[in-house]
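K.L.:
Got work10.csv for you, CSV, N, CA and C atoms and all ligand atoms:
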```
chain,number,residue,atom,x,y,z
A,27,MET,N,-33.4,37.9,-38.4
A,27,MET,CA,-33.7,37.8,-37.0
A,27,MET,C,-34.5,36.5,-36.7
A,28,GLU,N,-35.5,36.3,-37.5
A,28,GLU,CA,-36.3,35.1,-37.3
A,28,GLU,C,-35.4,33.8,-37.5
A,29,LEU,N,-34.6,33.8,-38.5
A,29,LEU,CA,-33.7,32.7,-38.8
A,29,LEU,C,-32.7,32.5,-37.7
A,30,ARG,N,-32.2,33.5,-37.2
A,30,ARG,CA,-31.2,33.4,-36.1
A,30,ARG,C,-31.8,32.8,-34.9
A,31,ASN,N,-33.0,33.3,-34.6
A,31,ASN,CA,-33.8,32.7,-33.5
A,31,ASN,C,-34.0,31.2,-33.6
A,32,ARG,N,-34.4,30.8,-34.8
A,32,ARG,CA,-34.6,29.4,-35.1
A,32,ARG,C,-33.3,28.6,-35.0
A,33,LEU,N,-32.2,29.2,-35.4
A,33,LEU,CA,-30.9,28.5,-35.3
A,33,LEU,C,-30.5,28.3,-33.9
A,34,GLU,N,-30.7,29.4,-33.1
A,34,GLU,CA,-30.4,29.3,-31.7
A,34,GLU,C,-31.2,28.2,-31.0
A,35,LYS,N,-32.5,28.1,-31.3
A,35,LYS,CA,-33.4,27.1,-30.7
A,35,LYS,C,-32.9,25.7,-31.1
A,36,LEU,N,-32.6,25.6,-32.4
A,36,LEU,CA,-32.1,24.3,-32.9
A,36,LEU,C,-30.8,23.9,-32.2
A,37,GLU,N,-29.9,24.8,-32.0
A,37,GLU,CA,-28.6,24.5,-31.3
A,37,GLU,C,-28.8,24.1,-29.9
A,38,ALA,N,-29.8,24.8,-29.2
A,38,ALA,CA,-30.1,24.5,-27.8
A,38,ALA,C,-30.7,23.1,-27.7
A,39,ARG,N,-31.5,22.8,-28.7
A,39,ARG,CA,-32.1,21.5,-28.7
A,39,ARG,C,-31.1,20.4,-28.9
A,40,GLN,N,-30.2,20.6,-29.8
A,40,GLN,CA,-29.1,19.7,-30.1
A,40,GLN,C,-28.2,19.5,-28.8
A,41,LYS,N,-27.9,20.6,-28.1
A,41,LYS,CA,-27.1,20.4,-26.9
A,41,LYS,C,-27.8,19.6,-25.9
A,42,ALA,N,-29.1,19.9,-25.7
A,42,ALA,CA,-29.9,19.1,-24.7
A,42,ALA,C,-30.0,17.7,-25.1
A,43,MET,N,-30.1,17.4,-26.4
A,43,MET,CA,-30.1,16.0,-26.8
A,43,MET,C,-28.8,15.3,-26.6
A,44,ALA,N,-27.7,16.0,-26.8
A,44,ALA,CA,-26.3,15.5,-26.5
A,44,ALA,C,-26.2,15.2,-25.1
A,45,ALA,N,-26.6,16.1,-24.2
A,45,ALA,CA,-26.5,15.9,-22.8
A,45,ALA,C,-27.4,14.7,-22.3
A,46,GLU,N,-28.6,14.6,-22.9
A,46,GLU,CA,-29.4,13.4,-22.6
A,46,GLU,C,-28.8,12.1,-23.0
A,47,GLU,N,-28.1,12.1,-24.2
A,47,GLU,CA,-27.4,10.9,-24.6
A,47,GLU,C,-26.3,10.5,-23.7
A,48,ILE,N,-25.5,11.5,-23.3
A,48,ILE,CA,-24.4,11.3,-22.3
A,48,ILE,C,-25.0,10.7,-21.0
A,49,GLN,N,-26.1,11.2,-20.5
A,49,GLN,CA,-26.7,10.7,-19.3
A,49,GLN,C,-27.2,9.3,-19.5
A,50,ARG,N,-27.8,9.0,-20.7
A,50,ARG,CA,-28.4,7.7,-21.0
A,50,ARG,C,-27.2,6.7,-21.0
A,51,GLN,N,-26.1,7.0,-21.7
A,51,GLN,CA,-25.0,6.1,-21.8
A,51,GLN,C,-24.4,5.8,-20.4
A,52,LYS,N,-24.3,6.9,-19.6
A,52,LYS,CA,-23.8,6.7,-18.2
A,52,LYS,C,-24.6,5.8,-17.4
A,53,GLU,N,-26.0,6.0,-17.5
A,53,GLU,CA,-26.9,5.1,-16.7
A,53,GLU,C,-26.8,3.6,-17.2
A,54,LEU,N,-26.6,3.5,-18.5
A,54,LEU,CA,-26.5,2.1,-19.1
A,54,LEU,C,-25.2,1.4,-18.7
A,55,HIS,N,-24.1,2.2,-18.6
A,55,HIS,CA,-22.8,1.5,-18.4
A,55,HIS,C,-22.2,1.7,-17.0
A,56,TRP,N,-22.8,2.6,-16.2
A,56,TRP,CA,-22.2,2.9,-14.9
A,56,TRP,C,-22.1,1.6,-14.0
A,57,MET,N,-20.9,1.3,-13.6
A,57,MET,CA,-20.5,0.2,-12.7
A,57,MET,C,-20.9,-1.2,-13.4
A,58,ARG,N,-20.8,-1.2,-14.7
A,58,ARG,CA,-21.0,-2.4,-15.5
A,58,ARG,C,-19.6,-2.8,-16.1
A,59,CYS,N,-19.3,-4.1,-16.0
A,59,CYS,CA,-18.1,-4.6,-16.6
A,59,CYS,C,-18.1,-4.4,-18.1
A,60,PRO,N,-17.0,-3.8,-18.6
A,60,PRO,CA,-16.9,-3.5,-20.1
A,60,PRO,C,-16.7,-4.8,-20.9
A,61,LYS,N,-16.3,-5.8,-20.2
A,61,LYS,CA,-16.0,-7.1,-21.0
A,61,LYS,C,-17.3,-8.0,-21.0
A,62,CYS,N,-17.9,-8.2,-19.9
A,62,CYS,CA,-19.1,-9.1,-19.8
A,62,CYS,C,-20.4,-8.5,-19.4
A,63,GLY,N,-20.4,-7.2,-19.0
A,63,GLY,CA,-21.6,-6.5,-18.7
A,63,GLY,C,-22.2,-6.7,-17.3
A,64,HIS,N,-21.5,-7.5,-16.5
A,64,HIS,CA,-22.0,-7.8,-15.2
A,64,HIS,C,-21.9,-6.5,-14.3
A,65,GLN,N,-22.7,-6.5,-13.2
A,65,GLN,CA,-22.6,-5.4,-12.3
A,65,GLN,C,-21.2,-5.5,-11.5
A,66,LEU,N,-20.5,-4.4,-11.4
A,66,LEU,CA,-19.2,-4.5,-10.7
A,66,LEU,C,-19.5,-4.3,-9.2
A,67,SER,N,-18.6,-4.9,-8.4
A,67,SER,CA,-18.8,-4.6,-6.9
A,67,SER,C,-17.5,-4.0,-6.5
A,68,THR,N,-17.6,-3.1,-5.5
A,68,THR,CA,-16.5,-2.3,-5.0
A,68,THR,C,-15.8,-3.0,-3.8
A,69,GLN,N,-14.5,-3.2,-3.9
A,69,GLN,CA,-13.8,-3.7,-2.7
A,69,GLN,C,-12.8,-2.7,-2.3
A,70,HIS,N,-12.6,-2.6,-0.9
A,70,HIS,CA,-11.7,-1.7,-0.4
A,70,HIS,C,-10.4,-2.4,0.0
A,71,HIS,N,-9.3,-1.8,-0.6
A,71,HIS,CA,-7.9,-2.3,-0.2
A,71,HIS,C,-7.2,-1.1,0.3
A,72,GLY,N,-7.1,-1.0,1.6
A,72,GLY,CA,-6.4,0.2,2.2
A,72,GLY,C,-7.2,1.4,1.8
A,73,ALA,N,-6.4,2.4,1.2
A,73,ALA,CA,-7.0,3.7,0.8
A,73,ALA,C,-7.7,3.6,-0.6
A,74,VAL,N,-7.5,2.4,-1.2
A,74,VAL,CA,-8.0,2.3,-2.6
A,74,VAL,C,-9.2,1.5,-2.8
A,75,GLU,N,-10.2,2.0,-3.6
A,75,GLU,CA,-11.4,1.2,-3.9
A,75,GLU,C,-11.2,0.6,-5.3
A,76,ILE,N,-11.3,-0.7,-5.3
A,76,ILE,CA,-11.2,-1.4,-6.6
A,76,ILE,C,-12.5,-2.0,-7.0
A,77,ASP,N,-12.9,-1.7,-8.3
A,77,ASP,CA,-14.2,-2.3,-8.8
A,77,ASP,C,-13.9,-3.6,-9.4
A,78,VAL,N,-14.5,-4.6,-8.9
A,78,VAL,CA,-14.2,-6.0,-9.3
A,78,VAL,C,-15.5,-6.6,-10.0
A,79,CYS,N,-15.2,-7.3,-11.1
A,79,CYS,CA,-16.3,-8.0,-11.8
A,79,CYS,C,-16.4,-9.4,-11.2
A,80,PRO,N,-17.5,-9.8,-10.6
A,80,PRO,CA,-17.6,-11.1,-10.0
A,80,PRO,C,-17.7,-12.2,-11.0
A,81,SER,N,-18.0,-11.9,-12.3
A,81,SER,CA,-18.2,-12.9,-13.3
A,81,SER,C,-16.9,-13.2,-14.0
A,82,CYS,N,-16.2,-12.2,-14.5
A,82,CYS,CA,-14.9,-12.5,-15.3
A,82,CYS,C,-13.7,-12.2,-14.4
A,83,ARG,N,-13.9,-11.7,-13.2
A,83,ARG,CA,-12.8,-11.4,-12.3
A,83,ARG,C,-11.9,-10.3,-12.8
A,84,GLY,N,-12.5,-9.4,-13.6
A,84,GLY,CA,-11.7,-8.2,-14.1
A,84,GLY,C,-11.7,-7.2,-13.0
A,85,LEU,N,-10.6,-6.4,-13.0
A,85,LEU,CA,-10.4,-5.3,-12.0
A,85,LEU,C,-10.4,-4.0,-12.7
A,86,TRP,N,-11.1,-3.0,-12.0
A,86,TRP,CA,-11.1,-1.7,-12.5
A,86,TRP,C,-10.6,-0.7,-11.5
A,87,LEU,N,-9.7,0.2,-11.9
A,87,LEU,CA,-9.1,1.2,-11.0
A,87,LEU,C,-9.5,2.6,-11.5
A,88,ASP,N,-9.9,3.5,-10.6
A,88,ASP,CA,-10.1,4.8,-11.0
A,88,ASP,C,-8.8,5.6,-11.2
A,89,ALA,N,-8.9,6.8,-11.7
A,89,ALA,CA,-7.7,7.6,-12.0
A,89,ALA,C,-6.9,7.7,-10.7
A,90,ASN,N,-5.6,7.5,-10.8
A,90,ASN,CA,-4.6,7.6,-9.7
A,90,ASN,C,-4.6,6.5,-8.7
A,91,GLU,N,-5.5,5.5,-8.8
A,91,GLU,CA,-5.5,4.4,-7.9
A,91,GLU,C,-4.3,3.5,-8.1
A,92,LEU,N,-3.9,3.3,-9.3
A,92,LEU,CA,-2.7,2.5,-9.6
A,92,LEU,C,-1.5,3.1,-9.0
A,93,GLU,N,-1.3,4.4,-9.1
A,93,GLU,CA,-0.2,5.1,-8.5
A,93,GLU,C,-0.2,4.9,-7.0
A,94,THR,N,-1.4,5.0,-6.4
A,94,THR,CA,-1.5,4.8,-4.9
A,94,THR,C,-1.1,3.4,-4.5
A,95,ILE,N,-1.6,2.4,-5.3
A,95,ILE,CA,-1.2,1.1,-5.0
A,95,ILE,C,0.3,0.9,-5.1
A,96,LEU,N,0.9,1.4,-6.2
A,96,LEU,CA,2.3,1.2,-6.4
A,96,LEU,C,3.1,1.9,-5.4
A,97,ALA,N,2.7,3.1,-4.9
A,97,ALA,CA,3.4,3.8,-3.9
A,97,ALA,C,3.3,3.0,-2.6
A,98,ASN,N,2.2,2.4,-2.3
A,98,ASN,CA,2.0,1.6,-1.1
A,98,ASN,C,2.9,0.3,-1.2
A,99,GLU,N,2.9,-0.3,-2.4
A,99,GLU,CA,3.7,-1.5,-2.6
A,99,GLU,C,5.1,-1.2,-2.4
A,100,ASN,N,5.6,0.0,-2.9
A,100,ASN,CA,6.9,0.4,-2.8
A,100,ASN,C,7.3,0.6,-1.3
A,101,GLY,N,6.4,1.2,-0.6
A,101,GLY,CA,6.6,1.4,0.8
A,101,GLY,C,6.7,0.1,1.6
A,102,LEU,N,5.9,-0.9,1.2
A,102,LEU,CA,5.9,-2.2,1.8
A,102,LEU,C,7.2,-2.9,1.4
A,103,PHE,N,7.6,-2.8,0.2
A,103,PHE,CA,8.9,-3.3,-0.3
A,103,PHE,C,10.1,-2.8,0.5
A,104,LYS,N,10.1,-1.4,0.6
A,104,LYS,CA,11.2,-0.8,1.4
A,104,LYS,C,11.2,-1.2,2.8
A,105,SER,N,10.0,-1.4,3.4
A,105,SER,CA,9.9,-1.9,4.8
A,105,SER,C,10.5,-3.3,4.9
A,106,ALA,N,10.2,-4.1,3.9
A,106,ALA,CA,10.6,-5.5,3.9
A,106,ALA,C,12.2,-5.5,3.8
A,107,LEU,N,12.7,-4.6,3.0
A,107,LEU,CA,14.2,-4.5,2.8
A,107,LEU,C,14.8,-4.1,4.1
A,108,LYS,N,14.2,-3.1,4.8
A,108,LYS,CA,14.7,-2.6,6.1
A,108,LYS,C,14.8,-3.8,7.1
A,109,ILE,N,13.7,-4.6,7.1
A,109,ILE,CA,13.6,-5.7,8.1
A,109,ILE,C,14.7,-6.7,7.8
A,110,LEU,N,15.0,-6.8,6.5
A,110,LEU,CA,16.1,-7.8,6.1
A,110,LEU,C,17.5,-7.2,6.3
A,111,GLY,N,17.5,-5.9,6.7
A,111,GLY,CA,18.8,-5.3,7.0
A,111,GLY,C,19.5,-4.6,5.8
A,112,ARG,N,18.7,-4.5,4.7
A,112,ARG,CA,19.3,-3.8,3.5
A,112,ARG,C,18.6,-2.5,3.3
A,113,ARG,N,19.3,-1.6,2.6
A,113,ARG,CA,18.6,-0.3,2.2
A,113,ARG,C,18.8,0.0,0.8
B,201,ZN,ZN,-16.8,-9.0,-16.4
```
Can the structure in the file be given as structure tokens, please?
Ligand SMILES: [Zn+2]

P.N.:
Amino acid sequence: MELRNRLEKLEARQKAMAAEEIQRQKELHWMRCPKCGHQLSTQHHGAVEIDVCPSCRGLWLDANELETILANENGLFKSALKILGRR
């Protein structure tokens, strides 16, 4: 019983430490360029927010943002074809 208690406490401490480490890493890297470490700035392009590095000009997209951009591009492309009289 004593041993089990100690193991449970140890496990809880390890979980807390892992959560702390995840939080620490997030604070260190949040909105930082993975290439040069500069602070990223957010730019709005239509419905999509793109994180841009002002130093190396790298671009970062969140999940599904590329699909949104491509869908919009496709829409624009189709509109252009309609204007040109093709379908
Ligand atoms: Zn950068």

K.L.:
Could you list, with a cut-off of 8 Å and counting only N, CA and C atoms and all ligand atoms, the residues of chain A near ligand ZN 201 (chain B), each shown with its nearest atom pair and the distance in Å rounded to one decimal, rows sorted by chain and ascending number, as a tab-separated table?

P.N.:
```
residue	atom	partner	partner_atom	distance
A:Arg58	C	B:ZN201	ZN	6.8
A:Cys59	CA	B:ZN201	ZN	4.6
A:Pro60	N	B:ZN201	ZN	5.6
A:Lys61	C	B:ZN201	ZN	4.7
A:Cys62	N	B:ZN201	ZN	3.8
A:Gly63	N	B:ZN201	ZN	4.8
A:His64	N	B:ZN201	ZN	4.9
A:Gln65	N	B:ZN201	ZN	7.2
A:Leu66	CA	B:ZN201	ZN	7.6
A:Val78	C	B:ZN201	ZN	7.0
A:Cys79	CA	B:ZN201	ZN	4.7
A:Pro80	N	B:ZN201	ZN	5.9
A:Ser81	C	B:ZN201	ZN	4.8
A:Cys82	N	B:ZN201	ZN	3.8
A:Arg83	N	B:ZN201	ZN	5.1
A:Gly84	N	B:ZN201	ZN	5.1
A:Leu85	N	B:ZN201	ZN	7.5
```

K.L.:
Would you list, as a PyMOL selection string, the residues of chain A that end up in strand (DSSP E or B) under DSSP run on this structure's backbone?

P.N.:
chain A and resi 58+65+67-71+74-78+85-86

K.L.:
Find the spatial neighbours of Ala73 in chain A, counting all atoms listed in the file, within a cut-off of 8 Å - ignore same-chain residues fewer than 5 positions away - and output them as a PyMOL selection string.

P.N.:
chain A and resi 91+94-95

K.L.:
Could you pull out all residues of range 52-101 of chain A with a DSSP call of helix (DSSP H, G or I) and give them as a list of chain:residue names?

P.N.:
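Here is the list: A:Lys52, A:Glu53, A:Leu54, A:His55, A:Glu91, A:Leu92, A:Glu93, A:Thr94, A:Ile95, A:Leu96, A:Ala97, A:Asn98, A:Glu99, A:Asn100, A:Gly101.
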
K.L.:
Let's have the selection written as a PDB file, in the coordinates of the input, with N, CA and C atoms.

P.N.:
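File written: selection.pdb
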```
ATOM      1  N   LYS A  52     -24.300   6.900 -19.600  1.00  0.00           N
ATOM      2  CA  LYS A  52     -23.800   6.700 -18.200  1.00  0.00           C
ATOM      3  C   LYS A  52     -24.600   5.800 -17.400  1.00  0.00           C
ATOM      4  N   GLU A  53     -26.000   6.000 -17.500  1.00  0.00           N
ATOM      5  CA  GLU A  53     -26.900   5.100 -16.700  1.00  0.00           C
ATOM      6  C   GLU A  53     -26.800   3.600 -17.200  1.00  0.00           C
ATOM      7  N   LEU A  54     -26.600   3.500 -18.500  1.00  0.00           N
ATOM      8  CA  LEU A  54     -26.500   2.100 -19.100  1.00  0.00           C
ATOM      9  C   LEU A  54     -25.200   1.400 -18.700  1.00  0.00           C
ATOM     10  N   HIS A  55     -24.100   2.200 -18.600  1.00  0.00           N
ATOM     11  CA  HIS A  55     -22.800   1.500 -18.400  1.00  0.00           C
ATOM     12  C   HIS A  55     -22.200   1.700 -17.000  1.00  0.00           C
ATOM     13  N   GLU A  91      -5.500   5.500  -8.800  1.00  0.00           N
ATOM     14  CA  GLU A  91      -5.500   4.400  -7.900  1.00  0.00           C
ATOM     15  C   GLU A  91      -4.300   3.500  -8.100  1.00  0.00           C
ATOM     16  N   LEU A  92      -3.900   3.300  -9.300  1.00  0.00           N
ATOM     17  CA  LEU A  92      -2.700   2.500  -9.600  1.00  0.00           C
ATOM     18  C   LEU A  92      -1.500   3.100  -9.000  1.00  0.00           C
ATOM     19  N   GLU A  93      -1.300   4.400  -9.100  1.00  0.00           N
ATOM     20  CA  GLU A  93      -0.200   5.100  -8.500  1.00  0.00           C
ATOM     21  C   GLU A  93      -0.200   4.900  -7.000  1.00  0.00           C
ATOM     22  N   THR A  94      -1.400   5.000  -6.400  1.00  0.00           N
ATOM     23  CA  THR A  94      -1.500   4.800  -4.900  1.00  0.00           C
ATOM     24  C   THR A  94      -1.100   3.400  -4.500  1.00  0.00           C
ATOM     25  N   ILE A  95      -1.600   2.400  -5.300  1.00  0.00           N
ATOM     26  CA  ILE A  95      -1.200   1.100  -5.000  1.00  0.00           C
ATOM     27  C   ILE A  95       0.300   0.900  -5.100  1.00  0.00           C
ATOM     28  N   LEU A  96       0.900   1.400  -6.200  1.00  0.00           N
ATOM     29  CA  LEU A  96       2.300   1.200  -6.400  1.00  0.00           C
ATOM     30  C   LEU A  96       3.100   1.900  -5.400  1.00  0.00           C
ATOM     31  N   ALA A  97       2.700   3.100  -4.900  1.00  0.00           N
ATOM     32  CA  ALA A  97       3.400   3.800  -3.900  1.00  0.00           C
ATOM     33  C   ALA A  97       3.300   3.000  -2.600  1.00  0.00           C
ATOM     34  N   ASN A  98       2.200   2.400  -2.300  1.00  0.00           N
ATOM     35  CA  ASN A  98       2.000   1.600  -1.100  1.00  0.00           C
ATOM     36  C   ASN A  98       2.900   0.300  -1.200  1.00  0.00           C
ATOM     37  N   GLU A  99       2.900  -0.300  -2.400  1.00  0.00           N
ATOM     38  CA  GLU A  99       3.700  -1.500  -2.600  1.00  0.00           C
ATOM     39  C   GLU A  99       5.100  -1.200  -2.400  1.00  0.00           C
ATOM     40  N   ASN A 100       5.600   0.000  -2.900  1.00  0.00           N
ATOM     41  CA  ASN A 100       6.900   0.400  -2.800  1.00  0.00           C
ATOM     42  C   ASN A 100       7.300   0.600  -1.300  1.00  0.00           C
ATOM     43  N   GLY A 101       6.400   1.200  -0.600  1.00  0.00           N
ATOM     44  CA  GLY A 101       6.600   1.400   0.800  1.00  0.00           C
ATOM     45  C   GLY A 101       6.700   0.100   1.600  1.00  0.00           C
TER      46      GLY A 101
END
```

K.L.:
Go ahead and compute the interatomic distance for atom C of His55 in chain A and atom N of Ile76 in chain A, in Å to one decimal.

P.N.:
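Answer for the atom C of His55 in chain A to atom N of Ile76 in chain A separation: 16.2 Å.
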
K.L.:
So how far away is atom N of Glu53 in chain A from atom N of Ser67 in chain A, in Å?

P.N.:
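Distance reported for this atom pair: 16.0 Å.
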
K.L.:
Report the distance between atom C of Glu75 in chain A and atom C of Leu87 in chain A in Å, rounded to one decimal place.

P.N.:
6.7 Å
